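Read the structure below first, then the notes.
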Amino acid sequence: MRMFRVSNVLIIGLLCLASLAAAAEKEPLNRFPRMVQEYFVHQVQSAQEKRVAVLEQISDQAGAQAYVESVRAKIKESFGPLPEKTPLNAQITGVLDRDTYTVEKILFESRPGFFVTGNLYIPKGASKPLPGVVGSCGHSTNGKAAEAYQSFAQGLARLGYVVLIFDPVSQGERLQYPDAELKSRIGVGVREHLYAGNQQFLVDEFIGTWRAWDGIRALDYLLSRKEVDPNHVGITGNSGGGTMTTWLTGLESRWTMSAPSCFVTTFLHNMENELPADTEQCPPKALALGLDHEDFMAALAPKPVILMGQEKDFFDVRGTEEAFQRLQRLYGLLGKKDRVAFFAGPNEHGYSQENREAMYRWFNQATRITDTHSEPAIALEKDEDLWCTPQGQVCTFEKNRTVFSYTRERAEQLKSARPTLRGEALKAAVKEVLRLPAVQVNPHYRILRPHRDTAYPKASAAVYAIETEPNILTVVYYLSDTPRYSRPPKDKKRAILYVSHRSSDAELRDEPMIREILAQEPYAELFACDVRGIGESKPNTCGQSFDNPYGPDYFYAIHSIMLDYPYPGQKTYDVLTTIAWLQSQGYKEVHLVAKGWGTIPATFAAVLSDTVTQVTLKNALSSYQAIAESETYNWPLSTLVPGILKTFDLPDCYMELLKKEFKSVQPWDALAQ
């Protein structure tokens with residue numbers, strides 16, 4: 001009989017374990033997967049409507065000129081102060097002699113130790129200075145040696161232009177994270193751009209400014225050559241090179257003509273179409289300042305510009321056409337309507353021959369160098385024949401510096417200059433850096449149908465959706481021993497609020513810390529919340545997995561930077577509003593508990609809220625300084641706060657929280673370990 005009872009207990013125990021294992025394998029609840037997308041569509045749409053309204057009010061030349069001056073100022077604000085010009089230390093490392101032109105292999109330093117590799121195509125037999133063009137490459141693995149980019153460089157040279165085409169950062173000969181075999185450890189092009197660029201935000205740098213600066217210094221070198229006529233200098237590029245052409249058109253006034261291909265559309269089309277853009281394609285505060293792609297072209301007005309797209313491109317050609325129409329009206333008010341043009345090739349994304357020939361025609365119209373607009377015969381070179389370095393990578397140079405080396409140096413400088421903030425000064429700094437609005441006192445909320453899961457620490461969970469901003473819901477679980485279909489109980493004073501790492505539903509099932517804290521505080525009521533973009537509102541957009549470096553988590557984080565409302569600030573606002581909601585339900589004090597990614601908004605909220613009397617963080621980031629000083633890191637952009645290291649760091653917050661029974665459990669480093 002005793003054996004029977006033991007066997008029954010064992011069976012029941014095994015069944016419970018099986019039940020828990022099955023619960024742990026369940027897909028986490030996600031009832032609002034489109035919420036964040038629609039919120040951002042509305043934000044970007046509002047920004048576009050405001051700027052279009054401003055444009056439509058312009059009715060004369062003076063107004064048009066004032067608009068041009070205003071966008072020039074906004075572009076400078078977005079891209080930040082440009083660095084001091086330092087010696088280029090340019091050198092020619094080799095020459096290719098071809099039938100009608102030569103190709104010089106150029107090496108220069110856009111910043112000290114930051115080497116740029118380029119090819120200078122020079123037509124033979126010129127009796128006077130010729131028009132010059134800087135060529136900006138798209139996201140090709142081999143940079144300047146890619147077929148489309150060799151083609152337009154050769155084509156322009158054969159038509160009588162001096163062309164300097166250079167490798168972008170992380171492409172061609174300029175890898176930033178090389179392994180022993182001179183291959184990228186991160187991924188050529190986009191992946192390296194994201195990795196280096198996301199980290200730069202911590203020290204208030206923008207990878208787009210770095211890349212544009214290479215183009216400005218390339219122009220400096222081009223204009224230093226006696227073969228070049230400074231009265232005729234253009235910029236062109238495709239895709240990522242179209243991006244740089246666009247930004248450089250707005251940043252540099254010395255251009256006399258511009259021709260971006262397969263980039264210019266509108267920020268709204270990219271958002272609505274769920275099209276992720278690289279870090280350098282998303283200028284800080286651009287949307288908040290009222291800028292769009294076309295404004296960078298308007299900054300050069302009334303000089304000649306042509307917008308080129310492709311009918312089948314993922315960069316929506318409808319936006320390209322809209323941008324052209326608005327630019328044409330602006331140029332018309334300036335009396336130069338014929339100096340802006342639009343061309344859409346019939347192909348998919350790429351600098352096709354049709355688009356290259358549209359660029360030739362446009363530049364020829366501006367320079368009168370030739371009446372020939374068709375592309376001459378092209379003879380592609382081998383990659384290694386165009387190398388400017390012996391092994392095809394600048395990282396083999398002893399004095400070579402990477403983007404990261406500058407980021408680390410800047411972080412060290414900021415740390416040494418940063419004051420220690422405490423009390424009200426720290427609170428003010430947190431609000432400013434996160435761009436936090438005033439918190440609602442009595443936020444509206446929905447009562448969702450209760451969710452029962454025996455794997456939770458308690459038998460039942462009531463679920464509330466708190467409206468923290470219009471169309472943004474923070475989903476909150478209230479655990480109880482019996483089912484609840486109404487508001488939370490109002491006869492309790494103390495609440496435990498758990499801010500999830502990735503999903504409250506999953507973590508209520510498998511995070512042991514929650515059960516431990518509940519056991520320590522049996523008389524406190526347990527709530528768990530998913531802030532926006534996590535758990536119940538984890539986006540399923542962009543055609544990429546959530547954790548893909550180019551996926552939806554990144555997509556909304558980078559747009560938050562353009563809106564000047566950092567994603568961690570939005571999530572902190574969700575936590576603060578949830579605390580305000582608990583207050584409205586009668587709770588006087590909150591023990592704030594968080595894990596992993598959730599510790600970022602929880603930390604900031606705990607500093608700001610007097611209702612929080614105790615704080616427990618598990619797997620909290622040790623410091624943003626650690627990320628900025630580490631060549632490799634594993635925290636996503638959605639957890640990083642732009643410019644924070646200019647003012648304070650997380651350890652300042654942790655010191656402040658010692659006043660609130662602060663406990664840190666198993667903190668994580670830059671690698672999230």
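By order of appearance in the structure tokens: chains A, B, ..., then residues from 1 within every chain, and ligands from 1 in the order shown.
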
- request: Name all residues at most 6 Å from A:Ile496 (count only C-alpha atoms; drop same-chain ones fewer than 6 positions away) and give them as an MDAnalysis selection string.
  value: chainID A and resid 525:527 590:591

Store the residues picked out above in a file with N, CA, C and O atoms, as an mmCIF file, in the first residue's frame.
data_model
loop_
_atom_site.group_PDB
_atom_site.id
_atom_site.type_symbol
_atom_site.label_atom_id
_atom_site.label_comp_id
_atom_site.auth_asym_id
_atom_site.auth_seq_id
_atom_site.Cartn_x
_atom_site.Cartn_y
_atom_site.Cartn_z
ATOM 1 N N GLU A 525 0.998 42.128 -3.699
ATOM 2 C CA GLU A 525 0.330 41.683 -4.921
ATOM 3 C C GLU A 525 1.334 41.699 -6.076
ATOM 4 O O GLU A 525 2.098 42.657 -6.237
ATOM 5 N N LEU A 526 1.320 40.633 -6.880
ATOM 6 C CA LEU A 526 2.298 40.500 -7.963
ATOM 7 C C LEU A 526 1.704 40.915 -9.300
ATOM 8 O O LEU A 526 0.687 40.370 -9.737
ATOM 9 N N PHE A 527 2.372 41.873 -9.943
ATOM 10 C CA PHE A 527 2.038 42.304 -11.296
ATOM 11 C C PHE A 527 3.280 42.109 -12.172
ATOM 12 O O PHE A 527 4.405 42.251 -11.703
ATOM 13 N N VAL A 590 5.823 50.396 -4.353
ATOM 14 C CA VAL A 590 6.081 49.382 -5.377
ATOM 15 C C VAL A 590 7.496 48.844 -5.210
ATOM 16 O O VAL A 590 8.456 49.614 -5.079
ATOM 17 N N HIS A 591 7.583 47.529 -5.211
ATOM 18 C CA HIS A 591 8.877 46.857 -5.323
ATOM 19 C C HIS A 591 9.072 46.560 -6.798
ATOM 20 O O HIS A 591 8.386 45.713 -7.379
#

message: According to DSSP computed on the backbone, where in stretch 442-631 of chain A is there helix (DSSP H, G or I)? Give the residues as an NGL selection string.
response: :A and (504-510 or 512-520 or 535-537 or 552-562 or 567-584 or 596-608 or 624-628)

message: as a list in words, please: the residues near A:Trp597 (cut-off 10 Å, only C-alpha atoms, same-chain neighbours under 2 positions excluded).
response: Val499, Ser500, His501, Arg502, Ile534, Pro568, Ala594, Lys595, Thr599, Ile600, Pro601, Ala602, Lys618, Asn619, Ala620, Leu621, Trp635, Pro636, Ser638, Thr639 and Ala672 of chain A

- prompt: Which is closer to A:Glu536 than all the others in A:Ser622, A:Ser504, A:Asn548, A:Gln328, using only C-alpha atoms?
  reply: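 Distance minimum relative to A:Glu536 lands on A:Ser504.
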
- request: Compile the contact shell of A:Ile579 as a ChimeraX atom specification: residues with an atom at most 12 Å away, counting only C-alpha atoms, same-chain residues fewer than 6 positions apart removed.
  value: /A:439-443,466,468,474,476,494-499,527-529,572-573,585-592,602,605-606,608-613

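Nearest-residue note for A:Lys144: choosing from A:Leu426, A:Leu386, A:Ala298, A:Val340, the minimum distance belongs to A:Leu386, counting only C-alpha atoms.
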
Residue among A:Val641, A:Leu82, A:Val116, A:Met359 lying closest to A:Asn238, counting only C-alpha atoms: A:Met359

Distance criterion (only C-alpha atoms): nearest to A:Ser127 out of A:Ile447, A:Val188, A:Val228, A:Ala286: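 Checking each of A:Ile447, A:Val188, A:Val228, A:Ala286 against A:Ser127, counting only C-alpha atoms, the winner is A:Val228.
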